[in-house]
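In what follows, a single structure is set out as structure tokens and then discussed.
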Amino acid sequence: QSSLLEIDVPSGTQPCDVFGLHPSLVHLKQLYDMGDAAFVANIGPLVEPLANKTEFEEQVKAVPPSLFAHNTQTKVTQSVFAQDSAAGGVLGRIADILNSQASETAGVDVEIVDAYSISGTPKVLEGEAGVSRAADVLSGSGVAGLYYPAGDHETEIRNLNTNVATSIYGETYSEKIISTLNRIDTLGNALGDTATPYNGTCADTYLDNQLRQVARIIAARDTLASERDSFYVQHGG
């Protein structure tokens, strides 16, 4: 405990007045002190505190769905809204609000928040359908495009989805296909010429490769016209 990096907070603003960071997180501590980083501490899947086993068994308190199911509780933790299993992810909901506010101010639909996952399609980045663009999903090695044999037929795929459909469902599907292909090209061009902005030695672990892609995206923020970004990486199961 004595080796922790101490963080003092204004008295009365948090349940605890003093927090601690692992001694290896010196840079993160500096970012916090500069006002460039924030912590969401003690988040979990409970709706309200459960004092003991009796309160749970007698159902005197509200509990989240499937309390002991790992996959469900992972999603609940990422939504920070345990009482509603259908709620979007916390970062996705924040992005929706910021994009909606920016659109209202501009008088047209604009997106000032981009979301990136370097590990699958997590709940935390999901927002309300139709409000914000879906998160871009990359891998630890970069932008994932069309795989073989589809990659050899991108021109044909684009041509098939260029004609105006008589069905709103068909038109929406085609629009999503074209916008996805265009986004792959945009990210590929932006990141293809962007080196990792770090001159030191990086490990070659699953997490390090993800963080390397995050650094490349941040370095390409001017090319991508990024105003705010959210990132998801994962370590372990």
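Chain labels follow the order of the structure tokens: the first chain is A, the next B, and so on; residue numbering restarts at 1 in every chain, and ligands are counted from 1 in their shown order.
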Contacts between stretch 69-84 of chain A and stretch 110-211 of chain A, please, where a residue of stretch 110-211 of chain A counts if it comes within 12 Å (with only C-alpha atoms); show its shortest atom pair and distance in Å to one decimal, rows by chain and ascending number, as JSON lines.
```
{"residue": "A:Thr121", "atom": "CA", "partner": "A:Lys75", "partner_atom": "CA", "distance": 11.2}
{"residue": "A:Pro122", "atom": "CA", "partner": "A:Lys75", "partner_atom": "CA", "distance": 7.9}
{"residue": "A:Lys123", "atom": "CA", "partner": "A:Lys75", "partner_atom": "CA", "distance": 5.7}
{"residue": "A:Val124", "atom": "CA", "partner": "A:Gln78", "partner_atom": "CA", "distance": 4.6}
{"residue": "A:Leu125", "atom": "CA", "partner": "A:Gln78", "partner_atom": "CA", "distance": 8.4}
{"residue": "A:Glu126", "atom": "CA", "partner": "A:Ser79", "partner_atom": "CA", "distance": 8.8}
{"residue": "A:Gly127", "atom": "CA", "partner": "A:Ser79", "partner_atom": "CA", "distance": 9.9}
```
Strand (DSSP E) positions in stretch 67-120 of chain A, given as a list of chain:residue names: A:Val113, A:Asp114, A:Ala115, A:Tyr116, A:Ser117
For the residues in the current selection, export C-alpha atoms as a PDB file, in the first residue's frame.
```pdb
ATOM      1  CA  VAL A 113     -17.268  11.023 -31.760  1.00  0.00           C
ATOM      2  CA  ASP A 114     -15.704   7.970 -33.400  1.00  0.00           C
ATOM      3  CA  ALA A 115     -15.513   4.599 -31.666  1.00  0.00           C
ATOM      4  CA  TYR A 116     -12.905   1.913 -32.268  1.00  0.00           C
ATOM      5  CA  SER A 117     -12.644  -1.637 -30.996  1.00  0.00           C
TER       6      SER A 117
END
```
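Atom pair atom CA of A:Gly44 / atom CA of A:Ala62: separated by 14.1 Å.
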Spatial neighbours of stretch 109-112 of chain A, max dist 6 Å, only C-alpha atoms, sep filter under 6 positions, as a PyMOL selection string: chain A and resi 99+103+227
Please report as a tab-separated table every residue of stretch 41-98 of chain A lying within 10 Å of stretch 229-233 of chain A, along with the nearest atom pair and their distance in Å (one decimal), using only C-alpha atoms.
```
residue	atom	partner	partner_atom	distance
A:Leu91	CA	A:Ser230	CA	7.2
A:Gly92	CA	A:Ser230	CA	8.9
A:Ile94	CA	A:Ser230	CA	10.0
A:Ala95	CA	A:Ser230	CA	8.6
```
Please produce a file of those selected residues containing N, CA and C atoms, as a PDB file, in the first residue's frame.
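What follows is the written file again37.pdb:
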```
ATOM      1  N   LEU A  91     -20.164   3.897 -23.158  1.00  0.00           N
ATOM      2  CA  LEU A  91     -19.464   4.783 -24.094  1.00  0.00           C
ATOM      3  C   LEU A  91     -20.313   5.055 -25.326  1.00  0.00           C
ATOM      4  N   GLY A  92     -21.090   4.060 -25.749  1.00  0.00           N
ATOM      5  CA  GLY A  92     -21.985   4.268 -26.883  1.00  0.00           C
ATOM      6  C   GLY A  92     -23.059   5.298 -26.572  1.00  0.00           C
ATOM      7  N   ILE A  94     -22.838   7.741 -24.338  1.00  0.00           N
ATOM      8  CA  ILE A  94     -22.181   9.043 -24.259  1.00  0.00           C
ATOM      9  C   ILE A  94     -21.965   9.614 -25.658  1.00  0.00           C
ATOM     10  N   ALA A  95     -21.499   8.754 -26.589  1.00  0.00           N
ATOM     11  CA  ALA A  95     -21.278   9.202 -27.963  1.00  0.00           C
ATOM     12  C   ALA A  95     -22.581   9.666 -28.606  1.00  0.00           C
TER      13      ALA A  95
END
```
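Each of A:Gln213, A:Thr155, A:Gln30, A:Thr54 was compared to A:Gly192 using only C-alpha atoms, and A:Gln213 turns out to be the nearest.
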Using only C-alpha atoms, determine which residues lie at most 12 Å from stretch 35-41 of chain A, disregarding the query and same-chain residues fewer than 3 positions distant; provide the list as a PDB file with all heavy atoms, in the first residue's frame.
```
ATOM      1  N   ILE A   7      -3.697   9.573  -4.947  1.00  0.00           N
ATOM      2  CA  ILE A   7      -4.566  10.556  -5.594  1.00  0.00           C
ATOM      3  C   ILE A   7      -5.511  11.104  -4.546  1.00  0.00           C
ATOM      4  O   ILE A   7      -6.287  10.367  -3.939  1.00  0.00           O
ATOM      5  CB  ILE A   7      -5.372   9.933  -6.756  1.00  0.00           C
ATOM      6  CG1 ILE A   7      -4.447   9.589  -7.921  1.00  0.00           C
ATOM      7  CG2 ILE A   7      -6.469  10.880  -7.219  1.00  0.00           C
ATOM      8  CD1 ILE A   7      -5.172   9.005  -9.111  1.00  0.00           C
ATOM      9  N   VAL A   9      -8.676  13.575  -3.589  1.00  0.00           N
ATOM     10  CA  VAL A   9      -9.840  14.193  -4.215  1.00  0.00           C
ATOM     11  C   VAL A   9     -10.482  15.159  -3.222  1.00  0.00           C
ATOM     12  O   VAL A   9     -10.295  15.021  -2.004  1.00  0.00           O
ATOM     13  CB  VAL A   9     -10.871  13.124  -4.654  1.00  0.00           C
ATOM     14  CG1 VAL A   9     -10.261  12.205  -5.682  1.00  0.00           C
ATOM     15  CG2 VAL A   9     -11.360  12.321  -3.460  1.00  0.00           C
ATOM     16  N   GLN A  14     -16.375  12.183  -3.099  1.00  0.00           N
ATOM     17  CA  GLN A  14     -16.312  10.749  -3.340  1.00  0.00           C
ATOM     18  C   GLN A  14     -16.455  10.019  -2.009  1.00  0.00           C
ATOM     19  O   GLN A  14     -16.206  10.604  -0.950  1.00  0.00           O
ATOM     20  CB  GLN A  14     -14.983  10.367  -4.007  1.00  0.00           C
ATOM     21  CG  GLN A  14     -14.736  10.995  -5.359  1.00  0.00           C
ATOM     22  CD  GLN A  14     -15.647  10.431  -6.432  1.00  0.00           C
ATOM     23  OE1 GLN A  14     -16.134   9.303  -6.324  1.00  0.00           O
ATOM     24  NE2 GLN A  14     -15.873  11.205  -7.482  1.00  0.00           N
ATOM     25  N   PRO A  15     -16.846   8.747  -2.049  1.00  0.00           N
ATOM     26  CA  PRO A  15     -16.921   7.988  -0.796  1.00  0.00           C
ATOM     27  C   PRO A  15     -15.585   7.922  -0.059  1.00  0.00           C
ATOM     28  O   PRO A  15     -15.544   7.863   1.163  1.00  0.00           O
ATOM     29  CB  PRO A  15     -17.360   6.590  -1.257  1.00  0.00           C
ATOM     30  CG  PRO A  15     -18.079   6.835  -2.536  1.00  0.00           C
ATOM     31  CD  PRO A  15     -17.358   7.967  -3.194  1.00  0.00           C
ATOM     32  N   CYS A  16     -14.481   7.945  -0.825  1.00  0.00           N
ATOM     33  CA  CYS A  16     -13.137   7.964  -0.236  1.00  0.00           C
ATOM     34  C   CYS A  16     -12.435   9.250  -0.655  1.00  0.00           C
ATOM     35  O   CYS A  16     -12.619   9.729  -1.774  1.00  0.00           O
ATOM     36  CB  CYS A  16     -12.321   6.766  -0.687  1.00  0.00           C
ATOM     37  SG  CYS A  16     -13.025   5.162  -0.233  1.00  0.00           S
ATOM     38  N   PHE A  19      -7.290   7.848  -3.113  1.00  0.00           N
ATOM     39  CA  PHE A  19      -7.221   6.656  -3.948  1.00  0.00           C
ATOM     40  C   PHE A  19      -5.754   6.340  -4.223  1.00  0.00           C
ATOM     41  O   PHE A  19      -4.875   7.164  -3.955  1.00  0.00           O
ATOM     42  CB  PHE A  19      -7.953   6.871  -5.279  1.00  0.00           C
ATOM     43  CG  PHE A  19      -9.448   7.020  -5.135  1.00  0.00           C
ATOM     44  CD1 PHE A  19     -10.018   8.250  -4.854  1.00  0.00           C
ATOM     45  CD2 PHE A  19     -10.277   5.927  -5.293  1.00  0.00           C
ATOM     46  CE1 PHE A  19     -11.389   8.394  -4.727  1.00  0.00           C
ATOM     47  CE2 PHE A  19     -11.650   6.054  -5.166  1.00  0.00           C
ATOM     48  CZ  PHE A  19     -12.207   7.287  -4.879  1.00  0.00           C
ATOM     49  N   GLY A  20      -5.496   5.186  -4.780  1.00  0.00           N
ATOM     50  CA  GLY A  20      -4.124   4.819  -5.093  1.00  0.00           C
ATOM     51  C   GLY A  20      -4.018   4.116  -6.425  1.00  0.00           C
ATOM     52  O   GLY A  20      -4.906   3.355  -6.814  1.00  0.00           O
ATOM     53  N   LEU A  21      -2.938   4.409  -7.156  1.00  0.00           N
ATOM     54  CA  LEU A  21      -2.653   3.741  -8.427  1.00  0.00           C
ATOM     55  C   LEU A  21      -1.423   2.860  -8.270  1.00  0.00           C
ATOM     56  O   LEU A  21      -0.543   3.136  -7.452  1.00  0.00           O
ATOM     57  CB  LEU A  21      -2.392   4.775  -9.530  1.00  0.00           C
ATOM     58  CG  LEU A  21      -3.566   5.607 -10.036  1.00  0.00           C
ATOM     59  CD1 LEU A  21      -3.084   6.587 -11.098  1.00  0.00           C
ATOM     60  CD2 LEU A  21      -4.649   4.717 -10.608  1.00  0.00           C
ATOM     61  N   HIS A  27       2.699   7.599 -15.729  1.00  0.00           N
ATOM     62  CA  HIS A  27       2.218   8.487 -16.792  1.00  0.00           C
ATOM     63  C   HIS A  27       0.721   8.742 -16.653  1.00  0.00           C
ATOM     64  O   HIS A  27       0.255   9.865 -16.854  1.00  0.00           O
ATOM     65  CB  HIS A  27       2.523   7.876 -18.162  1.00  0.00           C
ATOM     66  CG  HIS A  27       2.129   8.735 -19.319  1.00  0.00           C
ATOM     67  ND1 HIS A  27       2.637  10.010 -19.524  1.00  0.00           N
ATOM     68  CD2 HIS A  27       1.245   8.529 -20.333  1.00  0.00           C
ATOM     69  CE1 HIS A  27       2.103  10.535 -20.616  1.00  0.00           C
ATOM     70  NE2 HIS A  27       1.244   9.658 -21.115  1.00  0.00           N
ATOM     71  N   LEU A  28      -0.035   7.711 -16.309  1.00  0.00           N
ATOM     72  CA  LEU A  28      -1.474   7.875 -16.121  1.00  0.00           C
ATOM     73  C   LEU A  28      -1.762   8.827 -14.956  1.00  0.00           C
ATOM     74  O   LEU A  28      -2.683   9.647 -15.024  1.00  0.00           O
ATOM     75  CB  LEU A  28      -2.120   6.523 -15.877  1.00  0.00           C
ATOM     76  CG  LEU A  28      -3.654   6.468 -15.901  1.00  0.00           C
ATOM     77  CD1 LEU A  28      -4.185   6.967 -17.237  1.00  0.00           C
ATOM     78  CD2 LEU A  28      -4.141   5.047 -15.653  1.00  0.00           C
ATOM     79  N   LYS A  29      -0.965   8.741 -13.906  1.00  0.00           N
ATOM     80  CA  LYS A  29      -1.108   9.661 -12.770  1.00  0.00           C
ATOM     81  C   LYS A  29      -0.852  11.099 -13.214  1.00  0.00           C
ATOM     82  O   LYS A  29      -1.574  12.028 -12.821  1.00  0.00           O
ATOM     83  CB  LYS A  29      -0.113   9.259 -11.674  1.00  0.00           C
ATOM     84  CG  LYS A  29       0.013  10.249 -10.504  1.00  0.00           C
ATOM     85  CD  LYS A  29      -1.236  10.305  -9.663  1.00  0.00           C
ATOM     86  CE  LYS A  29      -0.955  10.897  -8.286  1.00  0.00           C
ATOM     87  NZ  LYS A  29      -0.306  12.218  -8.291  1.00  0.00           N
ATOM     88  N   GLN A  30       0.145  11.297 -14.071  1.00  0.00           N
ATOM     89  CA  GLN A  30       0.442  12.638 -14.587  1.00  0.00           C
ATOM     90  C   GLN A  30      -0.723  13.169 -15.416  1.00  0.00           C
ATOM     91  O   GLN A  30      -1.089  14.350 -15.311  1.00  0.00           O
ATOM     92  CB  GLN A  30       1.725  12.608 -15.414  1.00  0.00           C
ATOM     93  CG  GLN A  30       2.988  12.330 -14.609  1.00  0.00           C
ATOM     94  CD  GLN A  30       4.212  12.130 -15.482  1.00  0.00           C
ATOM     95  OE1 GLN A  30       4.093  11.907 -16.695  1.00  0.00           O
ATOM     96  NE2 GLN A  30       5.391  12.213 -14.879  1.00  0.00           N
ATOM     97  N   LEU A  31      -1.310  12.310 -16.258  1.00  0.00           N
ATOM     98  CA  LEU A  31      -2.455  12.732 -17.065  1.00  0.00           C
ATOM     99  C   LEU A  31      -3.629  13.128 -16.178  1.00  0.00           C
ATOM    100  O   LEU A  31      -4.335  14.106 -16.459  1.00  0.00           O
ATOM    101  CB  LEU A  31      -2.876  11.603 -18.017  1.00  0.00           C
ATOM    102  CG  LEU A  31      -1.911  11.266 -19.152  1.00  0.00           C
ATOM    103  CD1 LEU A  31      -2.405  10.049 -19.925  1.00  0.00           C
ATOM    104  CD2 LEU A  31      -1.761  12.458 -20.095  1.00  0.00           C
ATOM    105  N   TYR A  32      -3.848  12.380 -15.100  1.00  0.00           N
ATOM    106  CA  TYR A  32      -4.929  12.723 -14.170  1.00  0.00           C
ATOM    107  C   TYR A  32      -4.668  14.069 -13.521  1.00  0.00           C
ATOM    108  O   TYR A  32      -5.564  14.921 -13.433  1.00  0.00           O
ATOM    109  CB  TYR A  32      -5.059  11.633 -13.105  1.00  0.00           C
ATOM    110  CG  TYR A  32      -6.084  11.969 -12.034  1.00  0.00           C
ATOM    111  CD1 TYR A  32      -7.435  11.712 -12.248  1.00  0.00           C
ATOM    112  CD2 TYR A  32      -5.693  12.561 -10.839  1.00  0.00           C
ATOM    113  CE1 TYR A  32      -8.376  12.041 -11.288  1.00  0.00           C
ATOM    114  CE2 TYR A  32      -6.628  12.889  -9.869  1.00  0.00           C
ATOM    115  CZ  TYR A  32      -7.965  12.627 -10.094  1.00  0.00           C
ATOM    116  OH  TYR A  32      -8.890  12.963  -9.136  1.00  0.00           O
ATOM    117  N   GLY A  44     -19.648  -1.998 -11.230  1.00  0.00           N
ATOM    118  CA  GLY A  44     -19.924  -3.426 -11.156  1.00  0.00           C
ATOM    119  C   GLY A  44     -21.335  -3.718 -11.607  1.00  0.00           C
ATOM    120  O   GLY A  44     -22.069  -2.811 -12.018  1.00  0.00           O
ATOM    121  N   THR A  77     -21.734  -4.951 -16.947  1.00  0.00           N
ATOM    122  CA  THR A  77     -20.669  -4.074 -16.476  1.00  0.00           C
ATOM    123  C   THR A  77     -20.329  -3.026 -17.529  1.00  0.00           C
ATOM    124  O   THR A  77     -20.031  -1.873 -17.201  1.00  0.00           O
ATOM    125  CB  THR A  77     -19.412  -4.903 -16.130  1.00  0.00           C
ATOM    126  OG1 THR A  77     -19.742  -5.852 -15.124  1.00  0.00           O
ATOM    127  CG2 THR A  77     -18.297  -4.017 -15.625  1.00  0.00           C
ATOM    128  N   GLN A  78     -20.391  -3.399 -18.811  1.00  0.00           N
ATOM    129  CA  GLN A  78     -20.063  -2.451 -19.874  1.00  0.00           C
ATOM    130  C   GLN A  78     -21.195  -1.462 -20.152  1.00  0.00           C
ATOM    131  O   GLN A  78     -20.968  -0.415 -20.752  1.00  0.00           O
ATOM    132  CB  GLN A  78     -19.704  -3.211 -21.154  1.00  0.00           C
ATOM    133  CG  GLN A  78     -18.412  -3.994 -21.042  1.00  0.00           C
ATOM    134  CD  GLN A  78     -18.032  -4.679 -22.338  1.00  0.00           C
ATOM    135  OE1 GLN A  78     -18.572  -4.398 -23.404  1.00  0.00           O
ATOM    136  NE2 GLN A  78     -17.081  -5.598 -22.261  1.00  0.00           N
ATOM    137  N   VAL A  80     -23.152  -0.315 -17.551  1.00  0.00           N
ATOM    138  CA  VAL A  80     -23.292   0.444 -16.290  1.00  0.00           C
ATOM    139  C   VAL A  80     -24.768   0.784 -16.065  1.00  0.00           C
ATOM    140  O   VAL A  80     -25.112   1.870 -15.611  1.00  0.00           O
ATOM    141  CB  VAL A  80     -22.414   1.716 -16.276  1.00  0.00           C
ATOM    142  CG1 VAL A  80     -22.259   2.258 -14.858  1.00  0.00           C
ATOM    143  CG2 VAL A  80     -21.024   1.437 -16.835  1.00  0.00           C
ATOM    144  N   VAL A  90     -22.073   2.077 -22.110  1.00  0.00           N
ATOM    145  CA  VAL A  90     -21.934   3.404 -21.512  1.00  0.00           C
ATOM    146  C   VAL A  90     -21.202   4.363 -22.451  1.00  0.00           C
ATOM    147  O   VAL A  90     -21.583   5.542 -22.561  1.00  0.00           O
ATOM    148  CB  VAL A  90     -21.234   3.310 -20.137  1.00  0.00           C
ATOM    149  CG1 VAL A  90     -19.827   2.739 -20.254  1.00  0.00           C
ATOM    150  CG2 VAL A  90     -21.196   4.679 -19.453  1.00  0.00           C
ATOM    151  N   LEU A  91     -20.164   3.897 -23.158  1.00  0.00           N
ATOM    152  CA  LEU A  91     -19.464   4.783 -24.094  1.00  0.00           C
ATOM    153  C   LEU A  91     -20.313   5.055 -25.326  1.00  0.00           C
ATOM    154  O   LEU A  91     -20.275   6.162 -25.885  1.00  0.00           O
ATOM    155  CB  LEU A  91     -18.123   4.169 -24.496  1.00  0.00           C
ATOM    156  CG  LEU A  91     -17.075   4.043 -23.390  1.00  0.00           C
ATOM    157  CD1 LEU A  91     -15.784   3.436 -23.941  1.00  0.00           C
ATOM    158  CD2 LEU A  91     -16.784   5.400 -22.755  1.00  0.00           C
TER     159      LEU A  91
END
```
Those in stretch 66-127 of chain A with helix (DSSP H, G or I) from DSSP, as a PyMOL selection string: chain A and resi 70-79+90-106+123-125
Distance query A:Leu191 at most 8 Å, only C-alpha atoms, self and fewer than 5 positions along chain excluded, as a ChimeraX atom specification: /A:142,216-217,220
Between atom CA of A:Leu146 and atom CA of A:Val214, distance in Å (one decimal): 21.3 Å
